[in-house]
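work_25.txt (compact mmCIF, C-alpha atoms (C1' of nucleotides))
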# COMPACT_ATOMS: atom_id res chain seq x y z
CA MET A 1122 -6.35 -46.80 35.04
CA LYS A 1123 -7.39 -44.86 38.07
CA ARG A 1124 -10.87 -45.30 39.34
CA ASP A 1125 -13.18 -42.40 39.79
CA SER A 1126 -14.64 -42.19 43.28
CA LYS A 1127 -16.96 -39.27 42.79
CA LEU A 1128 -20.10 -41.31 43.26
CA SER A 1129 -18.76 -42.90 46.39
CA GLY A 1130 -17.66 -39.51 47.69
CA VAL A 1131 -20.94 -37.78 46.96
CA LEU A 1132 -22.97 -40.48 48.65
CA HIS A 1133 -20.72 -40.14 51.63
CA VAL A 1134 -21.40 -36.43 51.75
CA LEU A 1135 -25.13 -36.84 51.30
CA LEU A 1136 -25.43 -39.28 54.18
CA HIS A 1137 -23.49 -36.98 56.41
CA MET A 1138 -25.83 -34.17 55.47
CA ALA A 1139 -28.76 -36.36 56.36
CA GLU A 1140 -27.44 -36.58 59.90
CA GLN A 1141 -27.07 -32.87 60.24
CA SER A 1142 -29.98 -30.45 60.48
CA ARG A 1143 -27.80 -27.38 60.03
CA PRO A 1144 -26.39 -26.49 56.64
CA ILE A 1145 -22.83 -27.66 56.06
CA THR A 1146 -20.40 -25.43 54.25
CA SER A 1147 -18.32 -26.52 51.29
CA GLU A 1148 -15.29 -25.91 53.41
CA VAL A 1149 -16.32 -28.38 56.08
CA LEU A 1150 -17.29 -30.96 53.49
CA ALA A 1151 -14.00 -30.43 51.72
CA LYS A 1152 -12.07 -31.12 54.91
CA ALA A 1153 -14.00 -34.32 55.47
CA MET A 1154 -13.43 -35.43 51.89
CA CYS A 1155 -9.78 -34.40 51.86
CA THR A 1156 -10.28 -32.05 49.00
CA ASN A 1157 -11.00 -28.48 48.08
CA PRO A 1158 -14.21 -26.45 48.61
CA VAL A 1159 -14.35 -25.57 44.94
CA VAL A 1160 -14.21 -29.23 44.02
CA ILE A 1161 -17.11 -29.89 46.36
CA ARG A 1162 -19.15 -27.14 44.74
CA ARG A 1163 -18.36 -28.48 41.31
CA ILE A 1164 -19.50 -31.94 42.22
CA MET A 1165 -22.60 -30.77 44.05
CA ALA A 1166 -23.70 -28.50 41.23
CA GLY A 1167 -25.39 -31.37 39.43
CA LEU A 1168 -27.24 -32.47 42.55
CA ARG A 1169 -28.38 -28.93 43.16
CA ASP A 1170 -29.69 -28.60 39.63
CA GLU A 1171 -31.71 -31.77 40.13
CA GLY A 1172 -33.10 -30.40 43.38
CA TYR A 1173 -31.59 -33.10 45.60
CA VAL A 1174 -29.71 -30.56 47.66
CA ARG A 1175 -30.00 -26.86 48.28
CA ALA A 1176 -27.20 -24.35 48.67
CA GLU A 1177 -27.63 -21.21 50.75
CA LYS A 1178 -25.33 -18.28 50.79
CA GLY A 1179 -24.27 -15.99 53.56
CA HIS A 1180 -24.06 -16.50 57.29
CA GLY A 1181 -25.25 -19.87 58.41
CA GLY A 1182 -25.36 -20.95 54.80
CA GLY A 1183 -24.11 -24.11 53.20
CA TRP A 1184 -25.57 -27.31 51.84
CA THR A 1185 -28.72 -29.05 52.99
CA LEU A 1186 -30.61 -32.04 51.74
CA ALA A 1187 -33.71 -31.12 49.79
CA CYS A 1188 -35.12 -34.49 48.84
CA ASP A 1189 -36.96 -37.46 50.23
CA LEU A 1190 -34.32 -40.10 50.90
CA GLU A 1191 -36.86 -42.78 50.09
CA LYS A 1192 -37.36 -41.44 46.62
CA VAL A 1193 -33.82 -40.89 45.47
CA THR A 1194 -31.80 -43.83 44.26
CA LEU A 1195 -28.10 -44.17 43.70
CA ARG A 1196 -28.94 -44.15 40.02
CA ASP A 1197 -30.45 -40.71 40.40
CA VAL A 1198 -27.33 -39.48 42.10
CA TYR A 1199 -25.20 -41.07 39.41
CA ASP A 1200 -27.20 -39.31 36.73
CA ALA A 1201 -26.95 -36.01 38.58
CA LEU A 1202 -23.19 -36.38 38.44
CA GLY A 1203 -23.48 -36.38 34.68
CA SER A 1204 -23.64 -40.13 34.13
CA PRO A 1205 -19.90 -40.65 34.01
CA VAL A 1206 -18.60 -43.65 32.15
CA LEU A 1207 -19.00 -46.89 34.08
CA LEU A 1208 -16.60 -49.16 32.28
CA ALA A 1209 -12.90 -48.65 32.05
CA MET A 1210 -12.74 -50.41 28.70
CA GLY A 1211 -14.27 -49.62 25.39
CA ASN A 1212 -14.07 -50.41 21.74
CA ARG A 1213 -11.62 -49.17 19.25
CA SER A 1214 -13.66 -47.63 16.52
CA GLU A 1215 -11.06 -46.53 14.11
CA SER A 1216 -11.25 -48.58 10.92
CA PRO A 1217 -15.00 -49.16 11.13
CA GLY A 1218 -14.81 -50.60 7.64
CA CYS A 1219 -12.62 -53.45 8.81
CA LEU A 1220 -14.67 -56.62 9.19
CA VAL A 1221 -12.31 -57.93 11.83
CA GLU A 1222 -12.93 -54.87 13.89
CA GLN A 1223 -16.65 -55.22 13.39
CA ALA A 1224 -16.55 -58.78 14.65
CA VAL A 1225 -14.51 -57.85 17.69
CA ASN A 1226 -16.68 -54.87 18.52
CA ALA A 1227 -19.88 -56.84 18.16
CA ALA A 1228 -18.65 -59.39 20.67
CA LEU A 1229 -17.41 -56.87 23.19
CA ASP A 1230 -20.28 -54.43 22.79
CA GLN A 1231 -22.93 -56.79 23.96
CA THR A 1232 -20.87 -57.77 26.97
CA PHE A 1233 -20.19 -54.18 27.86
CA ARG A 1234 -23.80 -53.18 27.43
CA ASP A 1235 -25.00 -55.95 29.68
CA ALA A 1236 -22.54 -55.04 32.40
CA GLU A 1237 -23.56 -51.42 32.25
CA ALA A 1238 -27.20 -52.35 32.37
CA LEU A 1239 -26.57 -54.49 35.42
CA LEU A 1240 -24.79 -51.70 37.18
CA LEU A 1241 -27.47 -49.14 36.42
CA ALA A 1242 -30.23 -51.51 37.47
CA ARG A 1243 -28.53 -52.17 40.77
CA LEU A 1244 -27.96 -48.51 41.44
CA GLY A 1245 -31.61 -47.92 40.68
CA GLU A 1246 -32.66 -50.41 43.34
CA VAL A 1247 -30.90 -48.76 46.22
CA THR A 1248 -32.32 -45.63 47.80
CA LEU A 1249 -30.48 -43.14 49.93
CA ALA A 1250 -32.84 -44.16 52.71
CA ALA A 1251 -31.56 -47.73 52.47
CA LEU A 1252 -28.01 -46.52 52.78
CA SER A 1253 -28.91 -44.35 55.70
CA ALA A 1254 -30.65 -47.26 57.40
CA ASP A 1255 -27.57 -49.38 56.95
CA PHE A 1256 -25.49 -46.64 58.47
CA HIS A 1257 -27.75 -46.44 61.51
CA LYS A 1258 -27.61 -50.18 61.94
CA ARG A 1259 -23.85 -49.99 62.01
CA LEU A 1260 -24.03 -47.07 64.37
CA SER A 1261 -26.18 -48.78 66.97
CA ALA A 1262 -24.17 -51.98 66.57
CA ARG A 1263 -21.13 -50.03 67.60
CA GLY A 1264 -23.15 -48.11 70.11
CA GLY A 1265 -21.22 -44.96 69.46
CA LYS A 1266 -22.32 -41.55 68.52
CA HIS A 1267 -21.68 -39.91 65.23
CA ASP A 1268 -19.92 -36.72 64.24
CA LEU A 1269 -18.74 -35.61 60.85
CA GLU A 1270 -15.65 -33.89 62.17
CA THR A 1271 -14.30 -36.59 64.41
CA ALA A 1272 -15.15 -39.40 62.04
CA HIS A 1273 -12.63 -37.99 59.57
CA ALA A 1274 -10.11 -36.62 61.99
CA SER A 1275 -7.37 -39.21 61.47
CA MET B 1417 -12.91 -40.64 31.79
CA LYS B 1418 -11.34 -42.07 28.71
CA ARG B 1419 -11.86 -45.70 27.94
CA ASP B 1420 -9.03 -48.08 27.42
CA SER B 1421 -9.21 -49.94 24.13
CA LYS B 1422 -6.24 -52.22 24.52
CA LEU B 1423 -8.32 -55.37 24.69
CA SER B 1424 -10.29 -54.41 21.64
CA GLY B 1425 -7.10 -53.50 19.82
CA VAL B 1426 -5.27 -56.68 20.71
CA LEU B 1427 -8.16 -58.87 19.63
CA HIS B 1428 -8.20 -57.00 16.37
CA VAL B 1429 -4.54 -57.73 15.89
CA LEU B 1430 -4.88 -61.38 16.82
CA LEU B 1431 -7.65 -61.98 14.32
CA HIS B 1432 -5.64 -60.36 11.60
CA MET B 1433 -2.73 -62.60 12.47
CA ALA B 1434 -5.02 -65.60 12.21
CA GLU B 1435 -5.68 -64.70 8.57
CA GLN B 1436 -2.04 -64.45 7.73
CA SER B 1437 0.34 -67.38 7.55
CA ARG B 1438 3.42 -65.21 7.34
CA PRO B 1439 4.73 -63.41 10.41
CA ILE B 1440 3.64 -59.78 10.69
CA THR B 1441 6.07 -57.19 11.91
CA SER B 1442 5.34 -54.76 14.71
CA GLU B 1443 5.68 -52.01 12.19
CA VAL B 1444 2.90 -53.32 9.98
CA LEU B 1445 0.66 -53.94 12.98
CA ALA B 1446 1.40 -50.47 14.27
CA LYS B 1447 0.30 -48.94 10.97
CA ALA B 1448 -2.92 -50.88 11.05
CA MET B 1449 -3.59 -49.87 14.62
CA CYS B 1450 -2.57 -46.26 14.11
CA THR B 1451 0.12 -46.45 16.68
CA ASN B 1452 3.78 -47.09 17.24
CA PRO B 1453 5.74 -50.35 16.85
CA VAL B 1454 7.08 -50.08 20.37
CA VAL B 1455 3.57 -49.78 21.73
CA ILE B 1456 2.63 -52.92 19.85
CA ARG B 1457 5.56 -54.80 21.35
CA ARG B 1458 4.66 -53.60 24.79
CA ILE B 1459 1.12 -54.77 24.47
CA MET B 1460 2.04 -58.09 22.90
CA ALA B 1461 4.65 -58.88 25.53
CA GLY B 1462 2.04 -60.31 27.87
CA LEU B 1463 0.55 -62.49 25.16
CA ARG B 1464 4.00 -63.75 24.23
CA ASP B 1465 4.77 -64.63 27.84
CA GLU B 1466 1.58 -66.64 27.99
CA GLY B 1467 2.51 -68.45 24.78
CA TYR B 1468 -0.43 -67.17 22.76
CA VAL B 1469 1.84 -65.57 20.19
CA ARG B 1470 5.42 -65.98 19.13
CA ALA B 1471 7.86 -63.29 18.08
CA GLU B 1472 10.71 -64.02 15.70
CA LYS B 1473 13.64 -61.78 14.99
CA GLY B 1474 15.56 -61.11 11.85
CA HIS B 1475 14.60 -61.36 8.20
CA GLY B 1476 11.08 -62.58 7.70
CA GLY B 1477 10.49 -62.24 11.40
CA GLY B 1478 7.52 -60.78 13.23
CA TRP B 1479 4.53 -62.00 15.13
CA THR B 1480 2.67 -65.27 14.61
CA LEU B 1481 -0.14 -66.93 16.45
CA ALA B 1482 1.01 -69.80 18.64
CA CYS B 1483 -2.20 -71.04 20.15
CA ASP B 1484 -5.33 -72.98 19.38
CA LEU B 1485 -8.03 -70.42 18.70
CA GLU B 1486 -10.57 -72.81 20.14
CA LYS B 1487 -8.82 -72.92 23.45
CA VAL B 1488 -8.14 -69.25 24.11
CA THR B 1489 -10.92 -67.07 25.41
CA LEU B 1490 -11.20 -63.33 25.57
CA ARG B 1491 -10.72 -63.72 29.29
CA ASP B 1492 -7.35 -65.33 28.67
CA VAL B 1493 -6.35 -62.42 26.48
CA TYR B 1494 -7.60 -59.98 29.07
CA ASP B 1495 -5.51 -61.65 31.73
CA ALA B 1496 -2.47 -61.68 29.48
CA LEU B 1497 -2.83 -57.92 29.21
CA GLY B 1498 -2.36 -57.75 32.95
CA SER B 1499 -6.03 -57.81 33.96
CA PRO B 1500 -6.54 -54.08 33.68
CA VAL B 1501 -9.31 -52.53 35.75
CA LEU B 1502 -12.75 -53.13 34.31
CA LEU B 1503 -14.79 -50.51 36.06
CA ALA B 1504 -14.27 -46.80 35.77
CA MET B 1505 -15.62 -46.22 39.26
CA GLY B 1506 -14.43 -47.35 42.62
CA ASN B 1507 -14.78 -46.68 46.27
CA ARG B 1508 -13.26 -43.97 48.28
CA SER B 1509 -11.40 -45.66 51.06
CA GLU B 1510 -10.04 -42.80 52.95
CA SER B 1511 -11.69 -42.60 56.38
CA PRO B 1512 -12.27 -46.35 56.69
CA GLY B 1513 -13.29 -45.71 60.28
CA CYS B 1514 -16.26 -43.64 59.19
CA LEU B 1515 -19.45 -45.68 59.46
CA VAL B 1516 -21.07 -43.65 56.71
CA GLU B 1517 -18.28 -44.55 54.39
CA GLN B 1518 -18.57 -48.18 55.39
CA ALA B 1519 -22.25 -48.20 54.57
CA VAL B 1520 -21.70 -46.55 51.22
CA ASN B 1521 -18.84 -48.83 50.31
CA ALA B 1522 -20.74 -51.94 51.29
CA ALA B 1523 -23.57 -51.02 48.97
CA LEU B 1524 -21.37 -50.11 46.04
CA ASP B 1525 -18.88 -52.92 46.49
CA GLN B 1526 -21.36 -55.68 45.95
CA THR B 1527 -22.69 -54.00 42.84
CA PHE B 1528 -19.24 -53.47 41.45
CA ARG B 1529 -18.17 -57.02 42.19
CA ASP B 1530 -21.19 -58.43 40.46
CA ALA B 1531 -20.63 -56.36 37.37
CA GLU B 1532 -17.01 -57.38 37.19
CA ALA B 1533 -17.93 -61.00 37.64
CA LEU B 1534 -20.44 -60.72 34.82
CA LEU B 1535 -17.88 -59.18 32.52
CA LEU B 1536 -15.24 -61.78 33.28
CA ALA B 1537 -17.70 -64.62 32.88
CA ARG B 1538 -18.78 -63.33 29.50
CA LEU B 1539 -15.23 -62.88 28.33
CA GLY B 1540 -14.53 -66.42 29.42
CA GLU B 1541 -17.32 -67.75 27.25
CA VAL B 1542 -16.05 -66.35 23.99
CA THR B 1543 -13.14 -68.00 22.21
CA LEU B 1544 -10.94 -66.45 19.59
CA ALA B 1545 -12.29 -69.11 17.27
CA ALA B 1546 -15.79 -67.77 17.79
CA LEU B 1547 -14.66 -64.29 16.90
CA SER B 1548 -12.86 -65.57 13.86
CA ALA B 1549 -15.95 -67.47 12.76
CA ASP B 1550 -18.02 -64.33 13.10
CA PHE B 1551 -15.50 -62.48 11.01
CA HIS B 1552 -15.66 -65.08 8.25
CA LYS B 1553 -19.42 -64.96 8.30
CA ARG B 1554 -19.28 -61.23 7.75
CA LEU B 1555 -16.66 -61.72 5.07
CA SER B 1556 -18.69 -64.13 3.00
CA ALA B 1557 -21.81 -62.05 3.55
CA ARG B 1558 -20.02 -59.17 1.94
CA GLY B 1559 -18.43 -61.51 -0.53
CA GLY B 1560 -15.22 -59.57 -0.52
CA LYS B 1561 -11.72 -60.60 0.11
CA HIS B 1562 -9.67 -59.58 3.06
CA ASP B 1563 -6.40 -57.76 3.44
CA LEU B 1564 -4.86 -56.19 6.48
CA GLU B 1565 -3.33 -53.33 4.59
CA THR B 1566 -6.28 -52.18 2.54
CA ALA B 1567 -8.78 -52.72 5.33
CA HIS B 1568 -7.09 -49.96 7.29
CA ALA B 1569 -6.04 -47.75 4.45
CA SER B 1570 -8.56 -44.96 4.97
C1' DG C 98 31.47 -62.69 8.93
C1' DT C 99 29.13 -58.64 8.21
C1' DT C 100 25.10 -56.39 6.80
C1' DT C 101 20.28 -56.05 7.29
C1' DC C 102 16.07 -56.67 9.53
C1' DA C 103 13.58 -57.78 13.30
C1' DT C 104 12.31 -57.86 18.44
C1' DG C 105 13.19 -56.36 23.71
C1' DT C 106 13.40 -52.90 26.73
C1' DA C 107 14.86 -48.86 29.21
C1' DA C 108 14.61 -44.04 29.31
C1' DC C 109 12.67 -40.01 27.99
C1' DT C 110 9.10 -36.86 25.98
C1' DT C 111 4.58 -35.54 24.94
C1' DC C 112 -0.22 -35.21 25.64
C1' DA C 113 -4.68 -35.54 27.80
C1' DT C 114 -7.27 -35.19 31.67
C1' DA C 115 -8.53 -34.83 36.41
C1' DT C 116 -7.77 -32.34 40.30
C1' DG C 117 -6.39 -28.46 42.90
C1' DT C 118 -6.05 -23.40 43.34
C1' DT C 119 -6.80 -18.50 42.83
C1' DA C 120 -9.65 -14.82 42.02
C1' DC C 121 -13.58 -12.42 42.02
C1' DA C 122 -18.67 -11.66 41.30
C1' DC C 123 -22.85 -12.23 43.69
C1' DA C 124 -26.06 -13.03 47.57
C1' DA C 125 -27.59 -13.34 52.36
C1' DT C 126 -27.07 -12.51 57.10
C1' DG C 127 -25.88 -10.01 61.28
C1' DC D 429 -21.53 -2.46 55.35
C1' DA D 430 -18.56 -6.13 56.95
C1' DT D 431 -18.64 -10.94 57.03
C1' DT D 432 -19.63 -15.31 55.39
C1' DG D 433 -21.03 -18.12 52.19
C1' DT D 434 -21.88 -20.04 47.12
C1' DG D 435 -20.96 -19.83 41.66
C1' DT D 436 -17.83 -20.03 38.29
C1' DA D 437 -14.18 -18.89 35.21
C1' DA D 438 -9.41 -19.12 34.57
C1' DC D 439 -5.24 -20.93 35.60
C1' DA D 440 -1.78 -24.34 37.76
C1' DT D 441 -0.35 -28.83 38.98
C1' DA D 442 -0.11 -33.72 39.04
C1' DT D 443 -0.87 -38.09 37.20
C1' DG D 444 -0.71 -41.57 33.95
C1' DA D 445 -1.10 -43.21 29.21
C1' DA D 446 0.84 -43.07 24.82
C1' DG D 447 4.40 -41.97 21.78
C1' DT D 448 9.39 -41.68 20.77
C1' DT D 449 14.34 -42.44 20.81
C1' DA D 450 18.10 -45.19 21.53
C1' DC D 451 20.51 -49.12 21.72
C1' DA D 452 21.29 -54.12 22.84
C1' DT D 453 20.34 -58.69 21.09
C1' DG D 454 19.40 -62.24 17.83
C1' DA D 455 18.36 -64.35 13.20
C1' DA D 456 18.60 -64.58 8.34
C1' DA D 457 20.57 -63.13 3.83
C1' DC D 458 24.42 -62.36 1.18
Encoded form using structure tokens:
Amino acid sequence: MKRDSKLSGVLHVLLHMAEQSRPITSEVLAKAMCTNPVVIRRIMAGLRDEGYVRAEKGHGGGWTLACDLEKVTLRDVYDALGSPVLLAMGNRSESPGCLVEQAVNAALDQTFRDAEALLLARLGEVTLAALSADFHKRLSARGGKHDLETAHAS
Amino acid sequence: MKRDSKLSGVLHVLLHMAEQSRPITSEVLAKAMCTNPVVIRRIMAGLRDEGYVRAEKGHGGGWTLACDLEKVTLRDVYDALGSPVLLAMGNRSESPGCLVEQAVNAALDQTFRDAEALLLARLGEVTLAALSADFHKRLSARGGKHDLETAHAS
DNA sequence: GTTTCATGTAACTTCATATGTTACACAATG
DNA sequence: CATTGTGTAACATATGAAGTTACATGAAAC
């Protein structure tokens, strides 16, 4: 099964926006993410509705951050994406009357629930600010400068 | 994203086989699982290769358990299925040179690894025997008798 | 031995879903 | 009012999982 990388992608975009004071257009973001402007808008719609980003139309328009990086966790971002499923596996729930199936599901359910809870808890512990700080640490370690365009040129 | 229920389904099948001393054909299993005999064979191939089940051809043939339920864990079954991906989300890894992406991936990776480790550890703790015992507990609690065919009739 | 019943597996088809694309309405800026 | 941008619906494409067909192989019944 193919893994969904929306969360990873959105975080990537958000951190880039944090480095940029000017609005960034969907088109530019799409180039950086190797995808399509419309896809970007679709993904960002949830974040906009939650007020984490703002979209402006017209000349000089585009996306800007509209939240305090300290206050927004990866969990918040995840939720804004519509809380997509975390686990690639689930229970069969045909034949709910079958006691064998009930036994199997009971065993797996608890395991799955715990793993999901762990994931959500972890995501809730990390703020965008923490990610940004990590980025800046890497940046000064490498001593380079940063640019959205060139960083994704290859 | 749709969840894969192969593990759940296979466990279901295995427990039913444990209740039955006669071999069960792919066709019967397929009916019970609402699927196709060929799909059953495909799924069971891994288990057969690991020696957990045996397949016999010809009259009176079919699938039988070939392992000690005490010794086989859900983790073993999971592995026999080819260790399918556990998490529905993953990292983008385009632009590996981008420091933003590195920071994002570092944060998510650890979380994802931990969740996977938790899942695998849990699966490793539960034996087929434990599942079977749970089933029998439910069975006597309901006081009924058990039959593969009727349990999936609806 | 040959007929029947079963698995083993390759090849193909179908289906569901995620992603990409087009098109156009709407809004803001110069 | 032309240009540049988002918002979104509608459609197209691609990907992969599941279902299906077909046939080879092997074992048991007769």
Go ahead and compute the interatomic distance for atom C1' of DG433 of chain D and atom CA of Arg1508 of chain B, in Å to one decimal.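 Atom CA of Arg1508 of chain B lies at a distance of 27.3 Å from atom C1' of DG433 of chain D.
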Kindly determine which residues of chain C lie within 12 Å of chain A, considering only C-alpha atoms (C1' of nucleotides), and give the answer as an NGL selection string. :C and (114-119 or 123-127)
Got a sec to pull out which chain D residues are within 8 Å of chain A, counting all atoms listed in the file, and send them as a PyMOL selection string? chain D and resi 431-434+444
Can you tell me which residues surround DT111 of chain C at a distance of at most 12 Å, considering only C-alpha atoms (C1' of nucleotides), apart from same-chain residues fewer than 2 positions away, and format the answer as a VMD selection string? (chain C and resid 109 113) or (chain D and resid 445 to 448)
Find the spatial neighbours of segment 1256-1265 of chain A, counting only C-alpha atoms (C1' of nucleotides), within a cut-off of 6 Å - ignore same-chain residues fewer than 3 positions away - and output them as a ChimeraX atom specification. /A:1253 /B:1516,1519
Return as a ChimeraX atom specification the residues belonging to chain A that are within 8 Å of chain B, counting all atoms listed in the file. /A:1122-1130,1132-1133,1136-1137,1205-1213,1216,1218-1226,1228-1229,1232-1233,1236-1237,1239-1240,1243-1244,1252-1253,1255-1256,1259-1260,1272-1273,1275
Separation of atom CA of Val1444 of chain B and atom C1' of DA455 of chain D, in Å?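 Spanning atom CA of Val1444 of chain B to atom C1' of DA455 of chain D is a straight-line distance of 19.3 Å.
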Quick check, in Å to one decimal: how far apart do atom CA of Gly1462 of chain B and atom CA of Tyr1494 of chain B lie? 9.7 Å
Select, from D:DA456, D:DA430, D:DA440, D:DA450, the residue with the minimum atom-to-atom distance to DT101 of chain C, counting only C-alpha atoms (C1' of nucleotides).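 Closest candidate: D:DA456.
With only C-alpha atoms (C1' of nucleotides) as the atoms that count, the minimum distance from DA438 of chain D to the choices C:DT99, C:DA120, C:DT104, C:DC112 is reached by C:DA120.
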For segment 433-445 of chain D, what centre and edge lengths in Å (one decimal) does the axis-aligned box get once 6 Å is added on each side of all its listed atoms, as lines of an AutoDock Vina configuration file?
center_x = -11.0
center_y = -30.7
center_z = 40.7
size_x = 33.8
size_y = 37.1
size_z = 35.0
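Minimum distance to Asp1189 of chain A across A:Pro1144, A:Gly1203, A:Gly1245, A:Gly1172 (counting only C-alpha atoms) occurs at A:Gly1172.
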Taking all heavy atoms as the atom set, what does segment 1221-1228 of chain A look like once completed, written as a compact mmCIF listing (two decimals), in the coordinates of the input?
# COMPACT_ATOMS: atom_id res chain seq x y z
N VAL A 1221 -12.86 -57.36 10.59
CA VAL A 1221 -12.31 -57.93 11.83
C VAL A 1221 -12.73 -57.06 13.01
O VAL A 1221 -13.20 -57.55 14.03
CB VAL A 1221 -10.77 -58.01 11.76
CG1 VAL A 1221 -10.20 -58.34 13.12
CG2 VAL A 1221 -10.34 -59.06 10.75
N GLU A 1222 -12.56 -55.77 12.81
CA GLU A 1222 -12.93 -54.87 13.89
C GLU A 1222 -14.42 -54.97 14.20
O GLU A 1222 -14.83 -54.95 15.36
CB GLU A 1222 -12.55 -53.43 13.53
CG GLU A 1222 -12.86 -52.46 14.65
CD GLU A 1222 -11.92 -51.28 14.67
OE1 GLU A 1222 -10.70 -51.49 14.48
OE2 GLU A 1222 -12.38 -50.16 14.89
N GLN A 1223 -15.21 -55.09 13.16
CA GLN A 1223 -16.65 -55.22 13.39
C GLN A 1223 -16.97 -56.45 14.22
O GLN A 1223 -17.80 -56.41 15.13
CB GLN A 1223 -17.39 -55.31 12.05
CG GLN A 1223 -17.47 -53.98 11.32
CD GLN A 1223 -18.14 -54.13 9.96
OE1 GLN A 1223 -18.95 -55.03 9.74
NE2 GLN A 1223 -17.81 -53.22 9.05
N ALA A 1224 -16.29 -57.54 13.92
CA ALA A 1224 -16.55 -58.78 14.65
C ALA A 1224 -16.14 -58.63 16.12
O ALA A 1224 -16.87 -59.03 17.04
CB ALA A 1224 -15.80 -59.94 14.00
N VAL A 1225 -14.99 -58.05 16.32
CA VAL A 1225 -14.51 -57.85 17.69
C VAL A 1225 -15.46 -56.94 18.46
O VAL A 1225 -15.88 -57.24 19.58
CB VAL A 1225 -13.09 -57.22 17.68
CG1 VAL A 1225 -12.70 -56.78 19.08
CG2 VAL A 1225 -12.07 -58.20 17.12
N ASN A 1226 -15.83 -55.83 17.83
CA ASN A 1226 -16.68 -54.87 18.52
C ASN A 1226 -18.05 -55.45 18.84
O ASN A 1226 -18.61 -55.19 19.90
CB ASN A 1226 -16.83 -53.61 17.68
CG ASN A 1226 -15.58 -52.76 17.70
OD1 ASN A 1226 -14.62 -53.08 18.42
ND2 ASN A 1226 -15.56 -51.69 16.94
N ALA A 1227 -18.57 -56.23 17.93
CA ALA A 1227 -19.88 -56.84 18.16
C ALA A 1227 -19.83 -57.71 19.41
O ALA A 1227 -20.73 -57.68 20.25
CB ALA A 1227 -20.32 -57.65 16.95
N ALA A 1228 -18.77 -58.49 19.52
CA ALA A 1228 -18.65 -59.39 20.67
C ALA A 1228 -18.51 -58.61 21.97
O ALA A 1228 -19.19 -58.89 22.96
CB ALA A 1228 -17.46 -60.32 20.47
